[in-house]
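Asks: Data: target_37.cif, mmCIF, C-alpha atoms.
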data_work
#
loop_
_atom_site.label_atom_id
_atom_site.label_comp_id
_atom_site.auth_asym_id
_atom_site.auth_seq_id
_atom_site.Cartn_x
_atom_site.Cartn_y
_atom_site.Cartn_z
CA MET U 1 27.25 -85.64 -16.95
CA LEU U 2 30.12 -85.43 -19.44
CA ASN U 3 32.20 -83.43 -16.96
CA ARG U 4 31.61 -86.02 -14.24
CA ALA U 5 32.46 -88.88 -16.60
CA MET U 6 35.67 -87.19 -17.78
CA PRO U 7 38.00 -89.01 -15.27
CA LEU U 8 36.67 -92.39 -16.39
CA MET U 9 37.07 -91.42 -20.01
CA MET U 10 40.67 -90.32 -19.37
CA ALA U 11 41.42 -93.61 -17.63
CA ALA U 12 39.97 -95.52 -20.56
CA PHE U 13 42.05 -93.49 -23.02
CA LEU U 14 45.18 -94.10 -20.90
CA ILE U 15 44.60 -97.87 -20.91
CA LEU U 16 44.06 -97.81 -24.67
CA ALA U 17 47.25 -95.77 -25.09
CA VAL U 18 49.27 -98.27 -23.04
CA ILE U 19 47.89 -101.15 -25.09
CA GLN U 20 48.70 -99.28 -28.31
CA VAL U 21 52.29 -98.63 -27.19
CA ALA U 22 52.67 -102.27 -26.16
CA VAL U 23 51.43 -103.41 -29.56
CA MET U 24 53.78 -101.01 -31.35
CA LEU U 25 56.79 -102.24 -29.29
CA HIS U 26 55.71 -105.86 -29.74
CA LEU U 27 55.62 -106.40 -25.96
CA SER U 28 54.08 -109.59 -24.63
CA LEU U 29 51.90 -109.95 -21.55
CA ASN U 30 54.80 -111.63 -19.77
CA GLY U 31 57.01 -108.62 -20.54
CA LEU U 32 54.41 -106.20 -19.17
CA TRP U 33 54.02 -108.26 -16.03
CA ALA U 34 57.79 -108.26 -15.52
CA ALA U 35 57.88 -104.48 -15.85
CA ILE U 36 55.11 -104.11 -13.27
CA GLU U 37 56.96 -106.43 -10.87
CA TRP U 38 60.17 -104.41 -11.34
CA GLY U 39 58.43 -101.13 -10.49
CA ARG U 40 56.75 -102.50 -7.34
CA ARG U 41 59.59 -101.17 -5.15
CA PHE U 42 58.62 -97.56 -6.09
CA TYR U 43 54.89 -97.86 -5.31
CA LEU U 44 55.13 -97.10 -1.58
CA PRO U 45 57.42 -94.03 -1.89
CA LEU U 46 55.20 -92.60 -4.66
CA ALA U 47 52.09 -93.14 -2.53
CA GLY U 48 53.77 -91.42 0.45
CA ILE U 49 54.77 -88.39 -1.66
CA SER U 50 51.26 -88.10 -3.07
CA ALA U 51 49.73 -88.24 0.41
CA LEU U 52 52.16 -85.55 1.65
CA LEU U 53 51.25 -83.26 -1.25
CA ALA U 54 47.54 -83.77 -0.56
CA VAL U 55 47.92 -82.94 3.14
CA THR U 56 50.04 -79.88 2.34
CA GLY U 57 47.42 -78.64 -0.14
CA LEU U 58 44.62 -79.04 2.39
CA ALA U 59 46.62 -77.16 5.04
CA TYR U 60 47.37 -74.33 2.60
CA GLU U 61 43.70 -74.14 1.61
CA THR U 62 42.59 -73.92 5.24
CA SER U 63 45.12 -71.22 6.16
CA ALA U 64 44.39 -69.22 2.99
CA GLU U 65 40.66 -69.34 3.76
CA LYS U 66 41.22 -68.02 7.28
CA LEU U 67 43.54 -65.25 6.10
CA ALA U 68 41.15 -64.30 3.31
CA ARG U 69 38.28 -63.98 5.77
CA ARG U 70 40.43 -61.69 7.93
CA GLY U 71 41.36 -59.64 4.88
CA LEU U 72 45.06 -60.50 5.24
CA ARG U 73 45.46 -62.44 2.04
CA ARG U 74 44.07 -62.17 -1.47
CA ARG U 75 43.10 -65.51 -2.91
CA LYS U 76 44.75 -66.10 -6.28
CA GLY U 77 46.01 -68.82 -8.53
CA LEU U 78 44.40 -72.21 -8.35
CA ILE U 79 42.24 -71.20 -5.39
CA MET U 80 38.80 -69.90 -6.44
CA ASP U 81 38.57 -66.13 -6.85
CA VAL U 82 36.16 -64.44 -4.42
CA LEU U 83 34.10 -63.04 -7.32
CA SER U 84 33.75 -66.49 -8.84
CA ARG U 85 32.67 -67.83 -5.46
CA LEU U 86 30.22 -65.10 -4.46
CA THR U 87 28.82 -63.67 -7.71
CA ASN U 88 28.63 -64.02 -11.47
CA ARG U 89 32.08 -62.77 -12.39
CA GLY U 90 31.40 -63.02 -16.13
CA ALA U 91 28.32 -60.78 -15.86
CA LEU U 92 30.30 -58.24 -13.81
CA GLU U 93 33.08 -58.15 -16.40
CA GLU U 94 30.47 -57.67 -19.14
CA LEU U 95 28.98 -54.70 -17.28
CA MET U 96 32.44 -53.15 -16.92
CA ALA U 97 33.15 -53.74 -20.60
CA ARG U 98 29.81 -52.17 -21.56
CA GLU U 99 30.62 -49.08 -19.48
CA GLN U 100 33.94 -48.80 -21.28
CA ARG U 101 32.26 -49.19 -24.67
CA GLU U 102 29.76 -46.45 -23.73
CA THR U 103 32.57 -43.94 -23.22
CA VAL U 104 33.54 -44.34 -26.87
CA ILE U 105 30.14 -44.63 -28.50
CA ASP U 106 29.78 -44.63 -32.28
CA ALA U 107 28.10 -41.29 -32.99
CA ASP U 108 27.15 -42.29 -36.55
CA GLU U 109 25.48 -45.49 -35.35
CA LEU U 110 23.59 -43.68 -32.59
CA ALA U 111 22.48 -40.94 -35.00
CA ALA U 112 21.27 -43.52 -37.53
CA SER U 113 19.29 -45.36 -34.84
CA LEU U 114 17.65 -42.12 -33.69
CA ARG U 115 16.85 -40.94 -37.24
CA ALA U 116 15.14 -44.26 -37.96
CA ARG U 117 12.79 -43.74 -35.01
CA VAL U 118 12.35 -39.98 -34.60
CA ILE U 119 10.64 -38.67 -37.73
CA GLY U 120 11.53 -35.38 -39.37
CA GLN U 121 14.35 -34.34 -36.97
CA ASP U 122 17.45 -35.69 -38.71
CA GLN U 123 19.67 -32.71 -37.88
CA VAL U 124 18.78 -32.84 -34.19
CA CYS U 125 19.54 -36.59 -34.10
CA GLU U 126 22.96 -36.07 -35.65
CA ASP U 127 23.85 -33.12 -33.40
CA ILE U 128 22.84 -34.82 -30.17
CA ALA U 129 24.72 -38.02 -31.11
CA GLN U 130 27.91 -35.98 -31.63
CA GLN U 131 27.39 -34.21 -28.32
CA MET U 132 27.01 -37.52 -26.49
CA ARG U 133 30.20 -38.92 -28.02
CA ARG U 134 32.24 -35.89 -26.93
CA ARG U 135 30.82 -35.64 -23.43
CA LEU U 136 31.02 -39.34 -22.57
CA ALA U 137 34.68 -39.35 -23.59
CA LEU U 138 35.54 -36.86 -20.82
CA GLN U 139 37.30 -38.68 -17.97
CA VAL U 140 36.91 -35.95 -15.33
CA ARG U 141 33.53 -34.32 -14.76
CA GLY U 142 32.12 -32.30 -11.90
CA LYS U 143 28.64 -32.02 -13.39
CA PRO U 144 26.20 -34.22 -15.34
CA VAL U 145 27.21 -35.74 -18.68
CA GLY U 146 24.90 -33.29 -20.42
CA ILE U 147 22.08 -30.83 -19.76
CA PHE U 148 20.14 -30.47 -22.99
CA LEU U 149 17.02 -28.47 -23.80
CA LEU U 150 14.75 -29.83 -26.53
CA ALA U 151 12.63 -26.91 -27.71
CA GLY U 152 10.00 -26.66 -30.42
CA PRO U 153 6.29 -27.09 -31.24
CA PRO U 154 4.29 -29.80 -29.45
CA GLY U 155 4.04 -33.19 -31.11
CA THR U 156 7.37 -32.97 -32.94
CA GLY U 157 9.13 -35.81 -31.06
CA LYS U 158 10.96 -34.10 -28.19
CA THR U 159 9.84 -36.51 -25.47
CA TYR U 160 10.10 -39.46 -27.83
CA LEU U 161 13.71 -38.59 -28.69
CA ALA U 162 14.68 -38.54 -25.01
CA LYS U 163 13.07 -41.95 -24.50
CA GLN U 164 14.85 -43.35 -27.54
CA MET U 165 18.16 -41.95 -26.29
CA ALA U 166 17.76 -43.92 -23.08
CA LYS U 167 16.78 -47.05 -24.98
CA GLN U 168 19.55 -46.91 -27.60
CA MET U 169 22.23 -46.16 -25.00
CA GLU U 170 20.87 -48.86 -22.66
CA ARG U 171 20.36 -46.42 -19.80
CA PRO U 172 17.43 -46.29 -17.33
CA LEU U 173 14.86 -43.53 -17.90
CA LEU U 174 13.53 -41.28 -15.13
CA HIS U 175 10.57 -39.38 -16.59
CA PHE U 176 8.97 -36.46 -14.74
CA ASP U 177 6.06 -34.29 -15.93
CA MET U 178 6.94 -30.82 -14.68
CA THR U 179 3.38 -29.57 -15.14
CA GLN U 180 2.74 -31.42 -11.88
CA MET U 181 5.56 -29.52 -10.16
CA SER U 182 3.97 -26.05 -10.34
CA SER U 183 3.75 -25.57 -6.55
CA ALA U 184 6.53 -25.05 -4.01
CA HIS U 185 5.51 -28.20 -2.13
CA ALA U 186 6.04 -30.28 -5.29
CA ALA U 187 9.81 -30.21 -4.69
CA THR U 188 9.34 -32.80 -1.94
CA GLN U 189 8.10 -35.30 -4.54
CA LEU U 190 11.46 -35.16 -6.30
CA PHE U 191 13.93 -34.43 -3.51
CA GLY U 192 12.24 -35.92 -0.44
CA SER U 193 10.69 -34.39 2.69
CA PRO U 194 12.67 -33.09 5.69
CA LYS U 195 12.52 -35.16 8.86
CA GLY U 196 9.30 -34.72 10.78
CA TYR U 197 7.21 -34.12 7.67
CA VAL U 198 4.90 -36.54 5.90
CA GLY U 199 6.86 -38.79 3.56
CA SER U 200 10.22 -38.28 5.28
CA ASP U 201 10.62 -42.05 5.59
CA THR U 202 11.07 -42.49 1.84
CA PHE U 203 13.44 -41.00 -0.72
CA GLY U 204 12.23 -38.53 -3.34
CA LYS U 205 11.48 -39.84 -6.82
CA LEU U 206 14.51 -38.13 -8.35
CA THR U 207 17.02 -38.67 -5.54
CA GLY U 208 15.91 -42.27 -5.06
CA GLY U 209 15.99 -42.92 -8.79
CA LEU U 210 19.50 -41.49 -9.19
CA LYS U 211 20.74 -43.40 -6.16
CA ASP U 212 19.57 -46.68 -7.69
CA HIS U 213 20.44 -45.70 -11.29
CA PRO U 214 23.25 -43.09 -11.30
CA ASP U 215 23.63 -43.36 -15.09
CA ALA U 216 19.96 -42.64 -15.86
CA VAL U 217 18.53 -40.33 -18.50
CA VAL U 218 16.44 -37.79 -16.54
CA LEU U 219 13.61 -36.44 -18.71
CA LEU U 220 11.95 -33.24 -17.43
CA ASP U 221 8.92 -32.59 -19.63
CA GLU U 222 7.76 -28.96 -20.04
CA ILE U 223 10.39 -27.67 -17.66
CA GLU U 224 9.20 -24.04 -17.91
CA LYS U 225 6.05 -24.94 -15.92
CA ALA U 226 7.96 -26.00 -12.81
CA HIS U 227 7.87 -23.83 -9.67
CA PRO U 228 10.96 -21.61 -8.99
CA ASP U 229 11.68 -23.61 -5.81
CA VAL U 230 11.96 -26.75 -7.94
CA PHE U 231 14.33 -24.91 -10.29
CA LYS U 232 16.60 -23.99 -7.38
CA LYS U 233 16.97 -27.63 -6.39
CA PHE U 234 17.97 -28.57 -9.92
CA LEU U 235 20.60 -25.84 -10.07
CA THR U 236 22.66 -27.66 -7.44
CA ALA U 237 22.31 -30.92 -9.34
CA TRP U 238 23.59 -29.26 -12.53
CA ASN U 239 26.17 -26.93 -11.00
CA ASP U 240 27.79 -29.01 -8.24
CA GLY U 241 27.30 -32.52 -9.58
CA HIS U 242 25.10 -33.76 -6.76
CA VAL U 243 21.60 -33.43 -5.33
CA THR U 244 20.70 -33.63 -1.63
CA GLU U 245 18.02 -35.97 -0.32
CA ALA U 246 16.01 -33.92 2.19
CA SER U 247 15.01 -36.82 4.48
CA THR U 248 18.59 -37.95 5.23
CA GLY U 249 20.86 -35.15 4.02
CA GLU U 250 22.63 -37.65 1.79
CA GLN U 251 24.26 -36.28 -1.35
CA VAL U 252 23.43 -38.26 -4.48
CA SER U 253 25.84 -37.83 -7.39
CA THR U 254 24.55 -36.60 -10.76
CA THR U 255 27.87 -36.76 -12.65
CA ARG U 256 26.89 -39.88 -14.61
CA ALA U 257 23.34 -38.76 -15.44
CA ILE U 258 22.04 -37.11 -18.60
CA PHE U 259 19.39 -34.41 -18.12
CA MET U 260 17.02 -33.75 -21.02
CA LEU U 261 14.52 -30.89 -20.71
CA THR U 262 11.64 -30.22 -23.08
CA SER U 263 9.82 -26.94 -23.65
CA ASN U 264 7.11 -25.59 -25.96
CA VAL U 265 7.77 -21.86 -25.39
CA ALA U 266 8.83 -19.43 -28.13
CA THR U 267 8.30 -22.04 -30.83
CA GLU U 268 7.80 -19.60 -33.70
CA ALA U 269 10.82 -17.50 -32.80
CA LEU U 270 13.03 -20.56 -32.34
CA THR U 271 11.91 -22.08 -35.64
CA GLU U 272 12.75 -18.83 -37.46
CA ILE U 273 16.18 -18.71 -35.78
CA ALA U 274 16.89 -22.36 -36.67
CA ASP U 275 15.97 -21.83 -40.33
CA ARG U 276 18.01 -18.62 -40.61
CA LEU U 277 21.15 -19.76 -38.76
CA VAL U 278 21.30 -23.41 -39.71
CA ASN U 279 25.03 -23.14 -40.54
CA GLU U 280 26.00 -20.91 -37.61
CA PRO U 281 25.52 -23.01 -34.43
CA GLU U 282 27.12 -20.54 -32.00
CA LYS U 283 25.03 -17.61 -33.22
CA MET U 284 21.94 -19.85 -33.24
CA ARG U 285 22.57 -20.74 -29.59
CA ALA U 286 22.99 -17.09 -28.56
CA GLU U 287 19.81 -15.95 -30.28
CA SER U 288 17.88 -19.00 -29.02
CA VAL U 289 18.86 -18.23 -25.43
CA GLU U 290 17.75 -14.62 -25.88
CA ALA U 291 14.40 -15.71 -27.40
CA LEU U 292 13.77 -18.08 -24.49
CA ARG U 293 14.69 -15.38 -21.98
CA LYS U 294 12.23 -12.95 -23.55
CA SER U 295 9.53 -15.64 -23.30
CA GLY U 296 9.98 -15.81 -19.54
CA PHE U 297 12.31 -18.81 -19.32
CA ALA U 298 14.29 -18.80 -16.08
CA PRO U 299 17.71 -17.18 -16.77
CA GLU U 300 19.46 -19.33 -14.15
CA VAL U 301 18.40 -22.45 -16.05
CA LEU U 302 19.45 -21.06 -19.43
CA ASN U 303 22.93 -20.31 -18.07
CA ARG U 304 23.47 -23.94 -17.18
CA LEU U 305 22.31 -25.55 -20.41
CA ASP U 306 25.00 -27.32 -22.42
CA ARG U 307 23.08 -27.22 -25.68
CA ILE U 308 19.69 -26.21 -27.09
CA PHE U 309 18.21 -28.42 -29.82
CA ILE U 310 15.40 -26.88 -31.86
CA PHE U 311 12.74 -29.19 -33.28
CA ARG U 312 11.05 -28.03 -36.46
CA ALA U 313 7.32 -28.34 -37.10
CA LEU U 314 6.44 -31.47 -39.07
CA ARG U 315 5.48 -30.92 -42.69
CA GLY U 316 4.35 -32.99 -45.65
CA LEU U 317 4.98 -36.71 -45.49
CA ASP U 318 6.75 -36.43 -42.12
CA LEU U 319 3.45 -35.26 -40.62
CA ALA U 320 1.66 -38.13 -42.37
CA ARG U 321 4.17 -40.64 -40.96
CA VAL U 322 3.68 -39.41 -37.40
CA ALA U 323 -0.11 -39.35 -37.84
CA ALA U 324 -0.08 -42.93 -39.17
CA LEU U 325 1.92 -44.12 -36.14
CA GLU U 326 -0.41 -42.26 -33.76
CA ILE U 327 -3.48 -43.80 -35.43
CA GLU U 328 -1.92 -47.26 -35.18
CA ALA U 329 -1.23 -46.75 -31.48
CA MET U 330 -4.80 -45.47 -30.97
CA ILE U 331 -6.32 -48.55 -32.64
CA GLU U 332 -4.07 -50.90 -30.67
CA GLY U 333 -5.33 -49.16 -27.55
CA TYR U 334 -8.72 -50.70 -28.34
CA GLY U 335 -7.18 -54.18 -28.55
CA LEU U 336 -7.16 -54.26 -32.37
CA HIS U 337 -4.51 -54.18 -35.10
CA VAL U 338 -4.28 -52.22 -38.34
CA GLU U 339 -4.32 -54.32 -41.47
CA THR U 340 -1.33 -53.79 -43.77
CA GLY U 341 -2.19 -50.75 -45.86
CA GLY U 342 -5.28 -50.34 -43.71
CA ILE U 343 -5.13 -46.56 -43.16
CA ASP U 344 -6.79 -44.83 -46.09
CA ALA U 345 -4.65 -42.08 -47.62
CA GLY U 346 -7.68 -39.79 -47.35
CA VAL U 347 -7.55 -40.08 -43.56
CA LEU U 348 -3.95 -38.91 -43.43
CA PHE U 349 -4.66 -36.19 -45.97
CA GLN U 350 -7.36 -34.83 -43.66
CA VAL U 351 -4.82 -34.63 -40.86
CA MET U 352 -2.36 -32.78 -43.11
CA VAL U 353 -5.02 -30.29 -44.26
CA LYS U 354 -6.16 -29.58 -40.69
CA GLN U 355 -2.54 -29.12 -39.59
CA LYS U 356 -1.97 -26.62 -42.38
CA ASN U 357 -5.09 -24.66 -41.47
CA LEU U 358 -4.29 -24.59 -37.76
CA GLY U 359 -0.58 -23.85 -38.21
CA THR U 360 1.96 -24.95 -35.64
CA GLY U 361 -0.60 -24.59 -32.85
CA ALA U 362 -1.88 -28.13 -33.34
CA SER U 363 0.23 -31.29 -33.25
CA ALA U 364 -0.39 -34.52 -35.12
CA ARG U 365 -1.37 -36.09 -31.81
CA ASP U 366 -4.11 -33.52 -31.28
CA LEU U 367 -5.48 -34.08 -34.77
CA VAL U 368 -5.49 -37.84 -34.30
CA ARG U 369 -7.73 -37.36 -31.29
CA SER U 370 -10.36 -35.84 -33.56
CA ILE U 371 -10.19 -38.98 -35.70
CA GLU U 372 -10.55 -41.09 -32.57
CA ASP U 373 -13.76 -39.20 -31.75
CA MET U 374 -15.12 -40.22 -35.16
CA VAL U 375 -14.20 -43.92 -35.06
CA SER U 376 -14.03 -44.86 -31.36
CA GLU U 377 -17.58 -46.23 -31.27
CA SER U 378 -17.06 -48.28 -34.43
CA LEU U 379 -13.79 -49.67 -33.01
CA ILE U 380 -15.62 -50.80 -29.87
CA VAL U 381 -18.30 -52.50 -31.97
CA ALA U 382 -15.63 -54.16 -34.12
CA ARG U 383 -13.96 -55.60 -31.05
CA GLN U 384 -17.28 -56.87 -29.71
CA GLN U 385 -17.81 -58.68 -33.00
CA GLY U 386 -14.53 -60.54 -32.52
CA ALA U 387 -12.49 -58.54 -35.03
CA LYS U 388 -8.71 -58.68 -34.80
CA ARG U 389 -7.69 -56.50 -37.74
CA VAL U 390 -9.38 -53.38 -39.05
CA ARG U 391 -8.88 -50.62 -41.59
CA LEU U 392 -9.92 -46.98 -41.67
CA VAL U 393 -11.66 -45.70 -44.81
CA THR U 394 -12.81 -42.20 -45.80
CA GLN U 395 -16.28 -41.96 -47.29
CA GLU U 396 -17.37 -39.47 -49.97
CA ASP U 397 -18.75 -37.05 -47.39
CA GLY U 398 -15.40 -37.02 -45.55
CA THR U 399 -16.43 -39.16 -42.56
CA VAL U 400 -14.11 -41.92 -41.45
CA ILE U 401 -15.44 -45.44 -40.88
CA THR U 402 -13.98 -48.71 -39.67
CA GLU U 403 -13.88 -51.82 -41.82
CA ILE U 404 -13.40 -55.23 -40.21
CA ALA U 405 -10.98 -57.56 -42.02
CA SER U 406 -11.95 -61.24 -41.82
CA ASP U 407 -9.34 -63.87 -40.96
CA THR U 408 -9.12 -64.85 -44.61
CA GLU U 409 -8.91 -61.19 -45.64
CA THR U 410 -11.41 -61.89 -48.43
CA GLN U 411 -14.59 -60.54 -46.89
CA LEU U 412 -15.09 -57.20 -45.16
CA GLY U 413 -17.91 -56.20 -42.86
CA ARG U 414 -18.63 -52.52 -42.48
CA VAL U 415 -19.25 -51.00 -39.10
CA SER U 416 -20.15 -47.31 -39.19
CA HIS U 417 -20.23 -44.85 -36.32
#
Since I need it in another form, could you write the structure as structure tokens?

Replies:
Amino acid sequence: MLNRAMPLMMAAFLILAVIQVAVMLHLSLNGLWAAIEWGRRFYLPLAGISALLAVTGLAYETSAEKLARRGLRRRKGLIMDVLSRLTNRGALEELMAREQRETVIDADELAASLRARVIGQDQVCEDIAQQMRRRLALQVRGKPVGIFLLAGPPGTGKTYLAKQMAKQMERPLLHFDMTQMSSAHAATQLFGSPKGYVGSDTFGKLTGGLKDHPDAVVLLDEIEKAHPDVFKKFLTAWNDGHVTEASTGEQVSTTRAIFMLTSNVATEALTEIADRLVNEPEKMRAESVEALRKSGFAPEVLNRLDRIFIFRALRGLDLARVAALEIEAMIEGYGLHVETGGIDAGVLFQVMVKQKNLGTGASARDLVRSIEDMVSESLIVARQQGAKRVRLVTQEDGTVITEIASDTETQLGRVSH
């Protein structure tokens, strides 16, 4: 409304300005009238010139529009830019600016964000942030931004780190569980089916995902369990910078993508190597590759990895932190919330003791499932009773029970398994 009223406001200001000037010059109404009468001879020529300019502008606009449609003229200046006319130019410029910012990411800021979310893997977070800064700064690439292997015991945050990388860098995530790709036919799920076969009318999950999101983070969980035929397809994506969609033969670029592979093989050997060669990264890489090769990891994949990041088994309070987050997620899965301070220290201590007894073979997630077996029934009963917040408490005999927190947090009702 203000924009539409602007001409009237300008006219009002102009009239006020004329009156102010007249008052300052001590002009009378008779003097103003005489001046208007004197200028009457110029009114018609001024009107004619204005009309000529208007007609000329309209003719130029019409011819420019026709030439622009034929691609013979680029519309500039006072005439509306084609991007302003057909799209949100500001949003497009913001996307271009964000892409430019991404090529010079702040490694310290990215590392700090990852450390705050991925527990107990500070060194990995710092190393991978530095790698991303260096690789995104490269202007010419014939292969993906990075091909990284995240190796280590289960439940140490490998998959979670890859997801956080995508989130912190504002990139789409394409997540594939390679345990489901253990047969030769599984390659069609990722790369499409040749013409004449079932499913040839749709793109594969990987090729279609990269076509729509060329800058995605591609997470391949438990890569060692994939079939050799699936491996062969990935070798082209990593070596030549493109992957071929089987249904159409179209080549989809992978040069802007980040591939992150996870693996649980040779965890004990890799942990020992990481502890022994913490200050010798090149030697650590060489011995890690050899340990993975001895464990049956495909040599052709190892040769194309840019970097191997070794995750250490969680210990002490880091294990307790992960267990607490897993328990919170488990309780929220039942539609409830954990009261502040609502996880008894004895519960977490049980997890830590079991982890120590089982060694690196059990992850915090596996141990939390045993707690879920103990309290799942009581959580269901608590929800049926209308509870919103609960707490977990360890009894003297070591069993874990659920306590329901009232809305006023002054009265507690016990619900045992």

Asks: Excluding Ala274 (chain U) and any residue of its chain fewer than 3 positions from it, enumerate the residues within 9 Å of it, using all atoms listed in the file, and give them as a PyMOL selection string.

Replies: chain U and resi 269-271+277-278+281+284+288+310-312

Asks: Measure the distance from CA of Val289 (chain U) to CA of Ala129 (chain U) in Å and round it to one decimal.

Replies: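 Straight-line distance from CA of Val289 (chain U) to CA of Ala129 (chain U) works out to 21.4 Å.
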
Asks: Starting from the displayed file, determine the output of the PyMOL selection byres ((chain U and resi 218) around 8) and express the residue list as a list in words.

Replies: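 Written out, the selection comes to Leu173, Leu174, His175, Phe176, Ala216, Val217, Leu219, Leu220, Ala257, Ile258, Phe259 and Met260 of chain U.
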
Asks: Just the number, please: distance in Å from CA of Glu300 (chain U) to CA of His227 (chain U), one decimal.

Replies: 13.2 Å

Asks: List as number ranges by chain the residues having at least one atom at most 10 Å from position (-12.1, -45.0, -28.2) as given in the file, counting all atoms listed in the file.

Replies: U: 330-331, 333-334, 369, 371-380

Asks: Go ahead and compute the interatomic distance for CA of Thr179 (chain U) and CA of Leu210 (chain U), in Å to one decimal.

Replies: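 So the two atoms, CA of Thr179 (chain U) and CA of Leu210 (chain U), lie 20.9 Å apart.
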
Asks: Closest to Pro172 (chain U) among U:His213, U:Glu396, U:Arg134, U:Leu292, using only C-alpha atoms?

Replies: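 Going through U:His213, U:Glu396, U:Arg134, U:Leu292 one by one, the smallest distance to Pro172 (chain U) is for U:His213.
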
Asks: With distances taken over all atoms listed in the file, which of U:Lys211, U:Asn279, U:Gln180, U:Gly142 is nearest to Gly241 (chain U)?

Replies: U:Gly142

Asks: Can you give me, as JSON, numbers by chain, the residues this file yields under the PyMOL selection byres ((chain U and resi 328) around 12)?

Replies: {"U": [321, 322, 323, 324, 325, 326, 327, 329, 330, 331, 332, 333, 334, 335, 336, 337, 338, 339, 340, 341, 342, 343, 348, 365, 368, 371, 372, 389, 390, 391, 392]}

Asks: Taking all atoms listed in the file into account, which of U:Pro228, U:Pro7, U:Gly120, U:Gly31 comes nearest Leu319 (chain U)?

Replies: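 So, comparing all the options, the nearest one is U:Gly120.
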
Asks: Which of these, U:Leu314, U:Ser182, U:Asn239, U:Leu149, has the shortest distance to Val265 (chain U) once you count all atoms listed in the file?

Replies: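 That would be U:Leu149, the residue with the smallest distance to Val265 (chain U).
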
Asks: Which is closest to Lys158 (chain U) among U:Met132, U:Ala34, U:Ile404, U:Ile308, if we use all atoms listed in the file?

Replies: U:Ile308

Asks: Determine, counting all atoms listed in the file, every residue of protein, DNA or RNA that lies within 10 Å of (14.8, -28.7, -10.3) in the file coordinates, then give the result as a PyMOL selection string.

Replies: chain U and resi 178+181+187+190-191+206+220+223+226-238+243+301

Asks: From the set U:Leu261, U:Ala51, U:Leu92, U:Leu2, which residue has the shortest atom-to-atom contact distance to Asp177 (chain U), counting all atoms listed in the file?

Replies: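 Closest to Asp177 (chain U) of all the choices is U:Leu261.
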